[in-house]
$ cat upload06.txt   # compact mmCIF, C-alpha atoms and all ligand atoms
# COMPACT_ATOMS: atom_id res chain seq x y z
CA MET R 1 207.06 43.97 -2.35
CA LEU R 2 207.13 47.19 -4.33
CA LYS R 3 204.29 47.31 -6.79
CA GLN R 4 204.57 48.54 -10.33
CA ASN R 5 202.70 51.79 -9.78
CA GLN R 6 204.85 52.81 -6.78
CA LEU R 7 207.75 53.62 -9.06
CA LYS R 8 206.01 54.28 -12.34
CA THR R 9 205.38 57.93 -11.61
CA ARG R 10 209.06 58.82 -11.18
CA GLU R 11 210.16 61.43 -13.69
CA PRO R 12 213.69 61.23 -15.08
CA THR R 13 215.29 64.33 -13.54
CA ASN R 14 218.42 64.57 -15.57
CA ALA R 15 217.50 63.36 -19.03
CA LYS R 16 217.51 66.87 -20.53
CA THR R 17 219.94 68.66 -18.25
CA ASN R 18 222.85 66.27 -18.06
CA PRO R 19 225.07 66.99 -21.07
CA SER R 20 226.73 63.58 -20.85
CA SER R 21 223.37 61.88 -21.46
CA GLY R 22 223.18 63.46 -24.91
CA ASN R 23 223.94 61.39 -27.97
CA SER R 24 226.42 63.59 -29.76
CA ARG R 25 229.62 62.71 -27.89
CA PHE R 26 231.37 59.33 -27.98
CA ILE R 27 232.29 58.23 -24.45
CA PRO R 28 234.49 55.10 -24.50
CA GLY R 29 233.18 52.43 -22.13
CA LEU R 30 230.25 54.76 -21.30
CA GLU R 31 232.45 56.07 -18.46
CA GLY R 32 230.53 58.59 -16.38
CA VAL R 33 227.36 58.28 -18.49
CA ILE R 34 224.19 58.19 -16.38
CA ALA R 35 222.08 55.51 -18.05
CA ALA R 36 219.50 54.80 -15.30
CA GLN R 37 217.96 56.14 -12.12
CA SER R 38 218.05 53.79 -9.17
CA ARG R 39 217.25 53.78 -5.46
CA LEU R 40 219.41 50.68 -4.91
CA SER R 41 222.97 51.89 -4.43
CA TYR R 42 224.99 55.10 -4.58
CA ILE R 43 228.72 55.28 -5.22
CA ASN R 44 230.84 58.36 -4.62
CA GLY R 45 234.06 57.38 -6.34
CA GLN R 46 236.02 60.44 -5.23
CA ALA R 47 235.12 60.04 -1.55
CA GLY R 48 235.23 56.22 -1.53
CA GLU R 49 231.63 55.98 -0.36
CA LEU R 50 229.05 53.26 -1.06
CA ILE R 51 225.45 53.44 0.12
CA ILE R 52 223.18 50.43 -0.32
CA ALA R 53 219.45 51.22 -0.07
CA GLY R 54 220.24 54.10 2.27
CA PHE R 55 222.81 52.34 4.49
CA PRO R 56 226.57 52.96 4.34
CA VAL R 57 228.04 49.60 3.34
CA GLU R 58 230.24 49.48 6.45
CA GLU R 59 227.16 50.00 8.66
CA ILE R 60 225.02 47.23 7.25
CA ALA R 61 227.20 44.56 5.61
CA PRO R 62 228.83 43.20 8.80
CA ARG R 63 225.50 43.16 10.69
CA ALA R 64 222.69 41.97 8.39
CA SER R 65 222.04 38.45 7.22
CA PHE R 66 221.99 38.00 3.43
CA GLU R 67 218.24 37.40 3.63
CA GLU R 68 217.76 40.76 5.41
CA MET R 69 219.97 42.49 2.88
CA THR R 70 218.06 41.02 -0.05
CA TYR R 71 214.72 41.94 1.54
CA LEU R 72 216.05 45.48 1.99
CA LEU R 73 217.05 45.77 -1.67
CA TRP R 74 213.80 44.33 -2.95
CA ASN R 75 211.47 46.26 -0.60
CA ASP R 76 213.45 49.40 0.25
CA ARG R 77 213.17 48.67 3.99
CA LEU R 78 214.40 46.11 6.48
CA PRO R 79 211.97 43.32 7.36
CA ASN R 80 210.42 42.92 10.81
CA ARG R 81 210.84 39.54 12.55
CA GLN R 82 207.78 37.93 10.93
CA GLU R 83 208.63 39.21 7.45
CA LEU R 84 212.19 37.99 7.81
CA ASP R 85 211.10 34.53 8.96
CA GLU R 86 208.68 34.29 6.05
CA PHE R 87 211.30 35.43 3.53
CA ARG R 88 213.88 32.98 4.89
CA ALA R 89 211.35 30.15 4.71
CA ARG R 90 210.42 31.11 1.16
CA LEU R 91 214.04 31.00 -0.01
CA ALA R 92 214.70 27.77 1.90
CA LYS R 93 211.69 26.13 0.23
CA GLU R 94 213.01 26.96 -3.25
CA ARG R 95 216.58 25.65 -2.81
CA ARG R 96 216.29 22.22 -4.41
CA LEU R 97 217.32 21.90 -8.04
CA PRO R 98 215.02 20.55 -10.73
CA ALA R 99 216.26 17.28 -12.29
CA ILE R 100 217.04 19.00 -15.62
CA ALA R 101 219.46 21.39 -13.89
CA LEU R 102 221.30 18.46 -12.31
CA ASP R 103 221.45 16.67 -15.69
CA VAL R 104 223.04 19.73 -17.32
CA LEU R 105 225.52 20.10 -14.44
CA LYS R 106 226.46 16.42 -14.69
CA ALA R 107 227.07 16.78 -18.45
CA ALA R 108 229.15 19.90 -17.80
CA ALA R 109 231.18 18.16 -15.08
CA ALA R 110 231.90 15.25 -17.43
CA GLN R 111 233.53 17.79 -19.78
CA ARG R 112 235.24 19.69 -16.93
CA VAL R 113 233.55 22.93 -17.96
CA PRO R 114 234.82 25.97 -15.95
CA THR R 115 232.60 26.82 -12.98
CA MET R 116 231.18 30.10 -14.32
CA ASP R 117 230.28 28.45 -17.62
CA ALA R 118 228.56 25.64 -15.75
CA LEU R 119 226.65 28.17 -13.64
CA ARG R 120 225.57 30.03 -16.79
CA MET R 121 224.40 26.78 -18.39
CA GLY R 122 222.66 25.60 -15.23
CA ALA R 123 220.96 28.97 -14.66
CA GLY R 124 219.54 28.74 -18.18
CA THR R 125 217.59 25.62 -17.22
CA LEU R 126 215.72 27.54 -14.54
CA SER R 127 213.26 28.85 -17.13
CA LEU R 128 211.90 25.28 -17.13
CA SER R 129 210.96 25.44 -13.45
CA LYS R 130 209.37 28.84 -12.96
CA PRO R 131 207.15 29.10 -9.90
CA ALA R 132 203.40 29.21 -10.54
CA PRO R 133 202.12 32.74 -11.33
CA THR R 134 201.02 34.71 -8.22
CA SER R 135 199.12 37.95 -7.70
CA ASP R 136 202.52 39.64 -7.13
CA ASP R 137 203.11 41.51 -10.38
CA THR R 138 206.83 42.04 -9.71
CA LEU R 139 209.77 39.86 -10.74
CA PHE R 140 210.46 38.95 -7.11
CA ALA R 141 208.53 35.65 -6.90
CA GLU R 142 210.51 34.25 -9.80
CA GLY R 143 213.56 36.07 -8.46
CA ALA R 144 213.35 34.34 -5.08
CA ALA R 145 213.36 30.92 -6.75
CA LEU R 146 216.37 31.89 -8.86
CA LEU R 147 218.28 33.40 -5.96
CA ALA R 148 217.61 30.35 -3.77
CA ARG R 149 218.84 27.88 -6.39
CA ILE R 150 222.08 29.54 -7.50
CA PRO R 151 224.09 28.43 -4.41
CA THR R 152 222.68 24.90 -4.72
CA MET R 153 223.79 24.85 -8.32
CA ILE R 154 227.31 26.06 -7.53
CA ALA R 155 227.77 23.57 -4.68
CA ALA R 156 226.29 20.68 -6.69
CA TYR R 157 228.54 21.44 -9.66
CA TRP R 158 231.65 21.67 -7.52
CA ARG R 159 230.96 18.30 -5.96
CA LEU R 160 230.11 16.68 -9.32
CA LEU R 161 233.36 18.04 -10.71
CA HIS R 162 235.14 16.19 -7.91
CA ARG R 163 233.14 13.00 -8.38
CA GLN R 164 231.16 13.52 -5.19
CA ALA R 165 227.39 13.35 -4.87
CA PRO R 166 225.68 16.74 -4.46
CA ILE R 167 224.46 17.42 -0.92
CA GLU R 168 220.75 18.15 -0.46
CA PRO R 169 220.10 21.68 0.84
CA ARG R 170 218.98 21.98 4.48
CA PRO R 171 215.95 24.24 4.94
CA ASP R 172 216.78 24.84 8.62
CA LEU R 173 220.04 26.63 7.76
CA SER R 174 220.37 30.25 6.65
CA HIS R 175 221.17 31.05 3.02
CA ALA R 176 224.90 31.55 3.79
CA ALA R 177 225.24 28.62 6.21
CA ASN R 178 223.45 26.28 3.81
CA TYR R 179 225.80 27.21 0.96
CA LEU R 180 228.86 26.32 3.03
CA TYR R 181 227.13 23.16 4.24
CA MET R 182 226.28 22.02 0.68
CA LEU R 183 229.93 22.40 -0.32
CA SER R 184 231.53 20.39 2.46
CA GLY R 185 228.79 18.54 4.31
CA ASP R 186 229.83 20.27 7.55
CA GLU R 187 227.57 22.75 9.29
CA PRO R 188 229.60 25.98 9.51
CA SER R 189 230.28 27.82 12.77
CA PRO R 190 228.40 31.09 13.41
CA GLN R 191 231.71 32.96 12.80
CA ARG R 192 232.16 31.42 9.35
CA THR R 193 228.51 32.03 8.48
CA ARG R 194 228.93 35.65 9.61
CA ALA R 195 232.00 36.05 7.39
CA LEU R 196 230.11 34.74 4.34
CA ASP R 197 227.05 36.89 5.12
CA THR R 198 229.35 39.93 5.31
CA TYR R 199 230.91 39.08 1.96
CA LEU R 200 227.55 38.43 0.25
CA ASN R 201 226.13 41.69 1.67
CA THR R 202 229.15 43.72 0.62
CA VAL R 203 228.92 42.78 -3.06
CA ILE R 204 225.14 42.49 -3.40
CA ASP R 205 224.82 45.67 -5.44
CA HIS R 206 227.11 48.26 -6.93
CA GLY R 207 225.41 50.76 -9.22
CA LEU R 208 225.42 50.22 -12.95
CA ASN R 209 228.38 47.83 -13.15
CA ALA R 210 228.90 45.82 -16.35
CA SER R 211 226.87 42.74 -15.37
CA THR R 212 223.98 44.79 -13.95
CA PHE R 213 223.92 46.89 -17.12
CA THR R 214 223.88 43.69 -19.18
CA ALA R 215 220.87 42.46 -17.21
CA LEU R 216 219.11 45.80 -17.70
CA VAL R 217 219.71 45.81 -21.46
CA ILE R 218 218.17 42.34 -21.68
CA ILE R 219 215.16 43.09 -19.48
CA SER R 220 214.60 46.42 -21.30
CA THR R 221 213.85 44.52 -24.52
CA GLY R 222 210.92 42.83 -22.77
CA SER R 223 212.89 39.63 -22.39
CA ASP R 224 212.62 37.43 -19.29
CA LEU R 225 214.41 37.35 -15.94
CA VAL R 226 216.28 34.07 -16.54
CA SER R 227 217.73 35.51 -19.77
CA ALA R 228 218.80 38.65 -17.90
CA ILE R 229 220.53 36.63 -15.15
CA VAL R 230 222.21 34.30 -17.66
CA GLY R 231 223.54 37.33 -19.58
CA ALA R 232 224.71 38.97 -16.36
CA ILE R 233 226.60 35.83 -15.33
CA GLY R 234 228.35 35.92 -18.71
CA ALA R 235 229.39 39.54 -18.14
CA LEU R 236 230.50 38.91 -14.56
CA LYS R 237 232.80 36.09 -15.64
CA GLY R 238 235.30 38.41 -17.34
CA PRO R 239 238.59 39.09 -15.52
CA LEU R 240 238.02 42.85 -15.58
CA HIS R 241 234.78 42.43 -13.60
CA GLY R 242 234.14 39.43 -11.35
CA GLY R 243 237.07 37.27 -12.36
CA ALA R 244 239.76 39.17 -10.43
CA PRO R 245 239.85 37.64 -6.92
CA GLY R 246 241.25 34.26 -7.99
CA PRO R 247 244.23 35.87 -9.78
CA ALA R 248 244.63 38.34 -6.87
CA LEU R 249 245.06 35.45 -4.42
CA ASN R 250 247.35 33.62 -6.83
CA THR R 251 249.59 36.69 -6.89
CA VAL R 252 249.84 36.61 -3.08
CA PHE R 253 250.76 32.90 -3.23
CA GLU R 254 253.25 33.53 -6.05
CA ILE R 255 254.95 36.19 -3.91
CA GLY R 256 255.10 33.77 -0.97
CA GLU R 257 256.99 36.06 1.41
CA ALA R 258 256.85 39.80 1.96
CA SER R 259 260.45 40.41 0.89
CA ARG R 260 259.62 39.20 -2.66
CA ALA R 261 256.58 41.46 -3.11
CA GLU R 262 258.41 44.36 -4.72
CA SER R 263 260.33 42.30 -7.29
CA VAL R 264 257.33 40.17 -8.33
CA LEU R 265 254.94 43.11 -8.61
CA ARG R 266 257.48 45.34 -10.35
CA ALA R 267 258.11 42.59 -12.92
CA LYS R 268 254.38 42.39 -13.61
CA LEU R 269 254.07 46.15 -14.05
CA ASP R 270 257.16 46.20 -16.30
CA ARG R 271 255.41 43.59 -18.47
CA ASN R 272 252.38 45.92 -18.55
CA GLU R 273 250.33 43.39 -16.60
CA ARG R 274 247.54 44.61 -14.34
CA LEU R 275 247.70 43.94 -10.63
CA MET R 276 244.48 42.11 -9.88
CA GLY R 277 242.50 43.53 -6.95
CA PHE R 278 243.57 47.11 -7.67
CA GLY R 279 242.03 49.93 -9.70
CA HIS R 280 238.40 50.65 -10.37
CA ARG R 281 236.32 52.35 -13.01
CA VAL R 282 234.50 54.52 -10.48
CA TYR R 283 236.61 54.72 -7.30
CA ARG R 284 239.53 57.10 -7.25
CA ALA R 285 239.73 56.64 -3.47
CA ARG R 286 239.91 53.35 -1.61
CA ASP R 287 236.94 51.07 -2.38
CA PRO R 288 235.01 51.07 0.92
CA ARG R 289 234.15 47.41 0.40
CA ALA R 290 237.86 46.60 0.69
CA ASP R 291 237.80 47.89 4.29
CA VAL R 292 234.65 45.96 5.18
CA LEU R 293 236.15 42.75 3.82
CA ALA R 294 239.61 43.39 5.29
CA ALA R 295 237.97 43.60 8.73
CA ALA R 296 235.92 40.46 8.03
CA ALA R 297 239.07 38.63 6.86
CA GLU R 298 240.99 39.70 9.95
CA ARG R 299 238.22 38.39 12.26
CA LEU R 300 238.07 35.14 10.31
CA TYR R 301 241.82 34.54 10.25
CA GLN R 302 242.27 35.50 13.92
CA ASN R 303 239.71 32.83 14.70
CA GLY R 304 241.92 29.86 13.86
CA GLY R 305 242.92 30.88 10.31
CA ASP R 306 246.27 31.38 8.62
CA MET R 307 247.36 34.72 10.13
CA ALA R 308 250.68 34.52 8.26
CA LEU R 309 248.75 34.61 4.96
CA TYR R 310 246.66 37.54 6.17
CA ASN R 311 249.79 39.48 7.16
CA LEU R 312 251.48 38.62 3.86
CA ALA R 313 248.44 39.91 1.95
CA LYS R 314 248.51 43.16 3.95
CA SER R 315 252.15 43.64 3.06
CA VAL R 316 251.54 42.79 -0.64
CA GLU R 317 248.76 45.36 -0.66
CA GLN R 318 251.03 48.10 0.71
CA THR R 319 253.76 47.32 -1.82
CA ALA R 320 251.25 47.19 -4.69
CA LEU R 321 249.80 50.59 -3.74
CA ARG R 322 253.28 52.13 -3.58
CA LEU R 323 254.23 50.72 -7.00
CA LEU R 324 250.92 51.64 -8.63
CA ALA R 325 251.40 55.23 -7.42
CA GLU R 326 254.87 55.15 -9.01
CA TYR R 327 253.77 53.61 -12.34
CA HIS R 328 250.41 55.38 -12.70
CA PRO R 329 250.59 58.56 -10.59
CA GLU R 330 247.76 60.17 -12.59
CA ARG R 331 245.27 57.31 -12.15
CA LYS R 332 245.04 57.06 -8.31
CA LEU R 333 244.85 53.26 -8.34
CA GLN R 334 243.66 51.87 -5.01
CA THR R 335 242.72 48.50 -3.53
CA ASN R 336 239.37 47.26 -4.82
CA VAL R 337 236.85 44.83 -3.36
CA GLU R 338 238.39 41.80 -5.03
CA PHE R 339 241.64 41.79 -3.10
CA TYR R 340 240.01 41.10 0.27
CA THR R 341 237.24 39.06 -1.31
CA ALA R 342 239.98 36.59 -2.15
CA LEU R 343 241.15 36.48 1.47
CA VAL R 344 237.67 36.08 2.97
CA LEU R 345 236.63 33.34 0.55
CA HIS R 346 239.95 31.53 0.90
CA GLY R 347 239.58 31.74 4.69
CA LEU R 348 236.20 30.02 4.26
CA ALA R 349 238.01 27.20 2.43
CA LEU R 350 236.44 28.08 -0.92
CA PRO R 351 238.68 27.18 -3.88
CA THR R 352 239.55 30.04 -6.27
CA ASP R 353 237.34 28.49 -8.97
CA LEU R 354 234.34 29.24 -6.76
CA PHE R 355 235.17 32.91 -6.14
CA SER R 356 233.35 34.27 -9.19
CA PRO R 357 230.34 31.94 -8.84
CA THR R 358 230.00 33.00 -5.19
CA PHE R 359 230.10 36.64 -6.30
CA ALA R 360 227.30 35.77 -8.76
CA ALA R 361 225.30 34.10 -5.94
CA SER R 362 225.20 37.45 -4.15
CA ARG R 363 224.91 39.81 -7.10
CA THR R 364 221.92 37.85 -8.41
CA ALA R 365 219.87 39.64 -5.71
CA GLY R 366 221.09 43.00 -7.04
CA TRP R 367 220.49 42.04 -10.67
CA ILE R 368 216.91 41.05 -9.85
CA ALA R 369 216.30 44.33 -7.99
CA HIS R 370 217.65 46.36 -10.93
CA CYS R 371 215.61 44.34 -13.43
CA GLU R 372 212.46 45.10 -11.46
CA GLU R 373 213.33 48.82 -11.36
CA GLN R 374 213.96 48.78 -15.09
CA ARG R 375 210.72 46.95 -15.79
CA GLU R 376 208.77 49.49 -13.75
CA GLN R 377 210.12 52.49 -15.66
CA ASN R 378 211.07 50.69 -18.84
CA LYS R 379 212.51 52.31 -21.90
CA LEU R 380 214.39 50.15 -24.37
CA ILE R 381 218.13 50.65 -23.80
CA ARG R 382 219.51 51.39 -27.20
CA PRO R 383 222.50 53.77 -27.42
CA SER R 384 224.05 54.97 -30.65
CA SER R 385 227.44 54.41 -32.23
CA GLU R 386 229.57 56.89 -34.09
CA TYR R 387 230.22 55.69 -37.64
CA ILE R 388 233.94 55.79 -38.46
CA GLY R 389 233.85 53.57 -41.56
CA VAL R 390 234.15 54.61 -45.19
CA ARG R 391 231.22 55.65 -47.40
CA GLY R 392 230.31 55.44 -51.06
CA ARG R 393 231.66 51.98 -51.87
CA ARG R 394 230.48 50.38 -55.09
CA TRP R 395 229.64 46.70 -55.59
CA VAL R 396 232.31 44.62 -57.37
CA PRO R 397 231.35 41.05 -58.48
CA VAL R 398 233.42 38.34 -56.73
CA GLU R 399 235.31 37.40 -59.94
CA ALA R 400 236.50 40.97 -60.32
CA ARG R 401 237.84 41.42 -56.71
N1 LIG J 501 247.26 47.38 -12.45
C1 LIG J 501 248.08 48.07 -13.25
N2 LIG J 501 247.67 49.08 -14.03
C2 LIG J 501 246.38 49.40 -13.98
C3 LIG J 501 245.46 48.72 -13.17
C4 LIG J 501 245.95 47.68 -12.37
N3 LIG J 501 245.15 46.99 -11.58
N4 LIG J 501 244.24 49.26 -13.34
C5 LIG J 501 244.37 50.24 -14.25
N5 LIG J 501 245.66 50.33 -14.63
C6 LIG J 501 246.23 51.27 -15.58
C7 LIG J 501 245.99 50.80 -17.01
O1 LIG J 501 247.06 49.99 -17.47
C8 LIG J 501 245.91 52.10 -17.75
O2 LIG J 501 247.21 52.59 -17.95
P1 LIG J 501 247.60 53.33 -19.32
O3 LIG J 501 246.69 54.52 -19.38
O4 LIG J 501 249.04 53.65 -19.16
O5 LIG J 501 247.32 52.34 -20.41
C9 LIG J 501 245.23 53.04 -16.75
O6 LIG J 501 245.50 52.50 -15.46
C10 LIG J 501 243.73 53.13 -16.95
O7 LIG J 501 243.19 51.82 -17.06
P2 LIG J 501 241.78 51.53 -17.74
O8 LIG J 501 241.62 50.05 -17.94
O9 LIG J 501 241.59 52.42 -18.92
O10 LIG J 501 240.80 52.06 -16.63
P3 LIG J 501 239.41 51.45 -16.26
O11 LIG J 501 238.68 52.47 -15.47
O12 LIG J 501 238.71 50.92 -17.45
O13 LIG J 501 239.87 50.23 -15.35
C11 LIG J 501 239.62 48.20 -14.18
C12 LIG J 501 239.11 49.64 -14.37
C13 LIG J 501 238.96 47.59 -12.96
C14 LIG J 501 239.22 47.39 -15.43
C15 LIG J 501 241.16 48.19 -14.01
O14 LIG J 501 241.54 48.98 -12.91
C16 LIG J 501 241.73 46.78 -13.87
O15 LIG J 501 241.95 46.12 -14.90
N6 LIG J 501 241.98 46.30 -12.61
C17 LIG J 501 242.48 44.96 -12.41
C18 LIG J 501 241.32 43.96 -12.45
C19 LIG J 501 240.45 44.04 -11.21
O16 LIG J 501 240.92 44.07 -10.10
N7 LIG J 501 239.14 44.03 -11.48
C20 LIG J 501 238.14 44.06 -10.42
C21 LIG J 501 237.41 45.36 -10.42
S1 LIG J 501 236.36 45.52 -9.01

$ encode --input "upload06.txt" --output "structure tokens"
Amino acid sequence: MLKQNQLKTREPTNAKTNPSSGNSRFIPGLEGVIAAQSRLSYINGQAGELIIAGFPVEEIAPRASFEEMTYLLWNDRLPNRQELDEFRARLAKERRLPAIALDVLKAAAAQRVPTMDALRMGAGTLSLSKPAPTSDDTLFAEGAALLARIPTMIAAYWRLLHRQAPIEPRPDLSHAANYLYMLSGDEPSPQRTRALDTYLNTVIDHGLNASTFTALVIISTGSDLVSAIVGAIGALKGPLHGGAPGPALNTVFEIGEASRAESVLRAKLDRNERLMGFGHRVYRARDPRADVLAAAAERLYQNGGDMALYNLAKSVEQTALRLLAEYHPERKLQTNVEFYTALVLHGLALPTDLFSPTFAASRTAGWIAHCEEQREQNKLIRPSSEYIGVRGRRWVPVEAR
């Protein structure tokens, strides 16, 4: 694991020279503002490029296991065989949920709480079951326990919601295979496990997105890792961030056949609705993760899946891109990661309500890595606001107002 002093010496290189990091100009949504330095991922929005810990996403995501990918993010290098086996065993050992987490999930299921809210509530209980302190002075020991338990929590909640008993995790299965197993009780095929690994790897980290920034703000105050992850889950839940793939798939189902794509999508755009799975704050070219997941979806669907749905989605995508270019020629709106996320996860028989929680299960590894980076070079994140209110008001007693 990276130790504190390995990163502590890094000097901010752009704090004085980058004009957009100054505090005199209001930048809505902090668009383009550089608010951190990170070795974790690099996005070139104009070129449609994503690098994760040095690897192009299309090089590593379809090949690595999620455990290898997490090890890479947390250690800045791939593990050798022994390190990988140890890391897998460590995660597998931490998978079981403490009783309090199950109690909270049961109470949430009784009230039919939405899945992301249940995950946020369940994740909060994990501060009651922190692993014993170790000589490792990073956040990764606690992080491993958190990361290992999130899929167990999602699967347990889903089953409780459907009046089924949660399935105990199996330590002999990989992180991805065990997640699918805990949902259905069936051990997944290597192809299905590969598809989930590819998905989890593709979305593990993505620069200073809204949920990662949320986690950083929380950790920068000196708060704890569970609080940072709980806050990040709350940010990820929003439809403009991690909540898009469910609606994206619903749009494909609503369209039903390729000949209806233009009329349905045009009607949405005429109503000023957004087409879910398109557009991005940073990418002005095609999101490279869309290509990685389109290829993963194609392999999955060719292997006994619903090829008609895959072909319909392809056709919906082409129509959407044509209409978005017509309605917003200046914005260069392209397919984002969520469109093919929806197809991959649906092909794995995950219900739409589990799309965002499954995104969270992966991104937790990225959040933890960013929190550790922040902790190692910490400065309280505290931007300024521009005051646009009135001044000089005088107090008037309530009877006189
Ligand atoms: N469908 C239709 N119009 C879209 C659009 C979409 N998916 N995404 C952006 N636009 C339009 C907006 O309506 C706006 O038009 P206007 O200037 O005429 O009002 C313009 O493009 C700019 O949108 P804005 O929200 O200011 O840009 P942003 O950089 O903040 O948007 C997203 C980024 C992701 C929030 C936005 O593209 C979106 O809402 N996409 C759909 C949700 C989604 O797929 N989210 C997952 C992201 S990975």

$ residues_near_ligand --input "upload06.txt" --ligand "ligand LIG 501 (chain J)" --cutoff "7 Å" --atoms "only C-alpha atoms and all ligand atoms" --output "list in words"
Pro239, Leu240, His241, Gly242, Ala244, Leu269, Asn272, Glu273, Arg274, Leu275, Met276, Gly277, Phe278, Gly279, His280, Arg281, Val282, Leu324, His328, Arg331, Leu333, Asn336, Val337 and Glu338 of chain R

$ atom_distance --input "upload06.txt" --atom1 "atom CA of R:Asp291" --atom2 "atom CA of R:Leu78"
23.6 Å

$ atom_distance --input "upload06.txt" --atom1 "atom CA of R:Arg95" --atom2 "atom CA of R:Gly207"
27.4 Å

$ axis_aligned_box --input "upload06.txt" --around "stretch 307-311 of chain R" --padding-each-side "8 Å" --output "lines of an AutoDock Vina configuration file"
center_x = 248.7
center_y = 37.0
center_z = 7.5
size_x = 20.0
size_y = 21.0
size_z = 21.2

$ closest_atom_pairs --input "upload06.txt" --of "stretch 86-113 of chain R" --to "stretch 119-138 of chain R" --cutoff "9 Å" --atoms "all atoms listed in the file" --output "Markdown table"
| residue | atom | partner | partner_atom | distance |
| --- | --- | --- | --- | --- |
| R:Leu97 | CA | R:Leu126 | CA | 8.8 |
| R:Pro98 | CA | R:Ser129 | CA | 6.9 |
| R:Ile100 | CA | R:Thr125 | CA | 6.8 |
| R:Ala101 | CA | R:Gly122 | CA | 5.5 |
| R:Leu102 | CA | R:Gly122 | CA | 7.8 |
| R:Val104 | CA | R:Gly122 | CA | 6.2 |
| R:Leu105 | CA | R:Gly122 | CA | 6.2 |
| R:Ala108 | CA | R:Met121 | CA | 8.4 |

$ decode --input "upload06.txt" --residues "stretch 191-219 of chain R" --atoms "C-alpha atoms" --output "JSON list (two decimals), in the first residue's frame"
[["chain", "number", "residue", "atom", "x", "y", "z"],
["R", 191, "GLN", "CA", -18.60, -15.21, -19.52],
["R", 192, "ARG", "CA", -21.10, -13.50, -17.23],
["R", 193, "THR", "CA", -18.46, -12.94, -14.56],
["R", 194, "ARG", "CA", -16.20, -11.45, -17.24],
["R", 195, "ALA", "CA", -18.97, -9.09, -18.36],
["R", 196, "LEU", "CA", -19.52, -7.86, -14.80],
["R", 197, "ASP", "CA", -15.77, -7.49, -14.18],
["R", 198, "THR", "CA", -15.54, -5.40, -17.36],
["R", 199, "TYR", "CA", -18.39, -3.19, -16.22],
["R", 200, "LEU", "CA", -17.00, -2.74, -12.68],
["R", 201, "ASN", "CA", -13.53, -1.95, -14.08],
["R", 202, "THR", "CA", -14.88, 0.54, -16.60],
["R", 203, "VAL", "CA", -16.62, 2.71, -14.01],
["R", 204, "ILE", "CA", -14.21, 2.28, -11.09],
["R", 205, "ASP", "CA", -12.85, 5.81, -11.35],
["R", 206, "HIS", "CA", -13.50, 8.90, -13.41],
["R", 207, "GLY", "CA", -11.65, 12.00, -12.27],
["R", 208, "LEU", "CA", -13.35, 14.49, -10.02],
["R", 209, "ASN", "CA", -16.95, 13.53, -10.75],
["R", 210, "ALA", "CA", -19.70, 14.75, -8.40],
["R", 211, "SER", "CA", -19.71, 11.79, -6.01],
["R", 212, "THR", "CA", -15.91, 11.62, -5.80],
["R", 213, "PHE", "CA", -15.78, 15.36, -5.12],
["R", 214, "THR", "CA", -18.40, 14.89, -2.40],
["R", 215, "ALA", "CA", -16.26, 12.20, -0.77],
["R", 216, "LEU", "CA", -13.20, 14.46, -0.97],
["R", 217, "VAL", "CA", -15.00, 17.41, 0.63],
["R", 218, "ILE", "CA", -16.05, 15.17, 3.52],
["R", 219, "ILE", "CA", -12.63, 13.56, 4.04]]
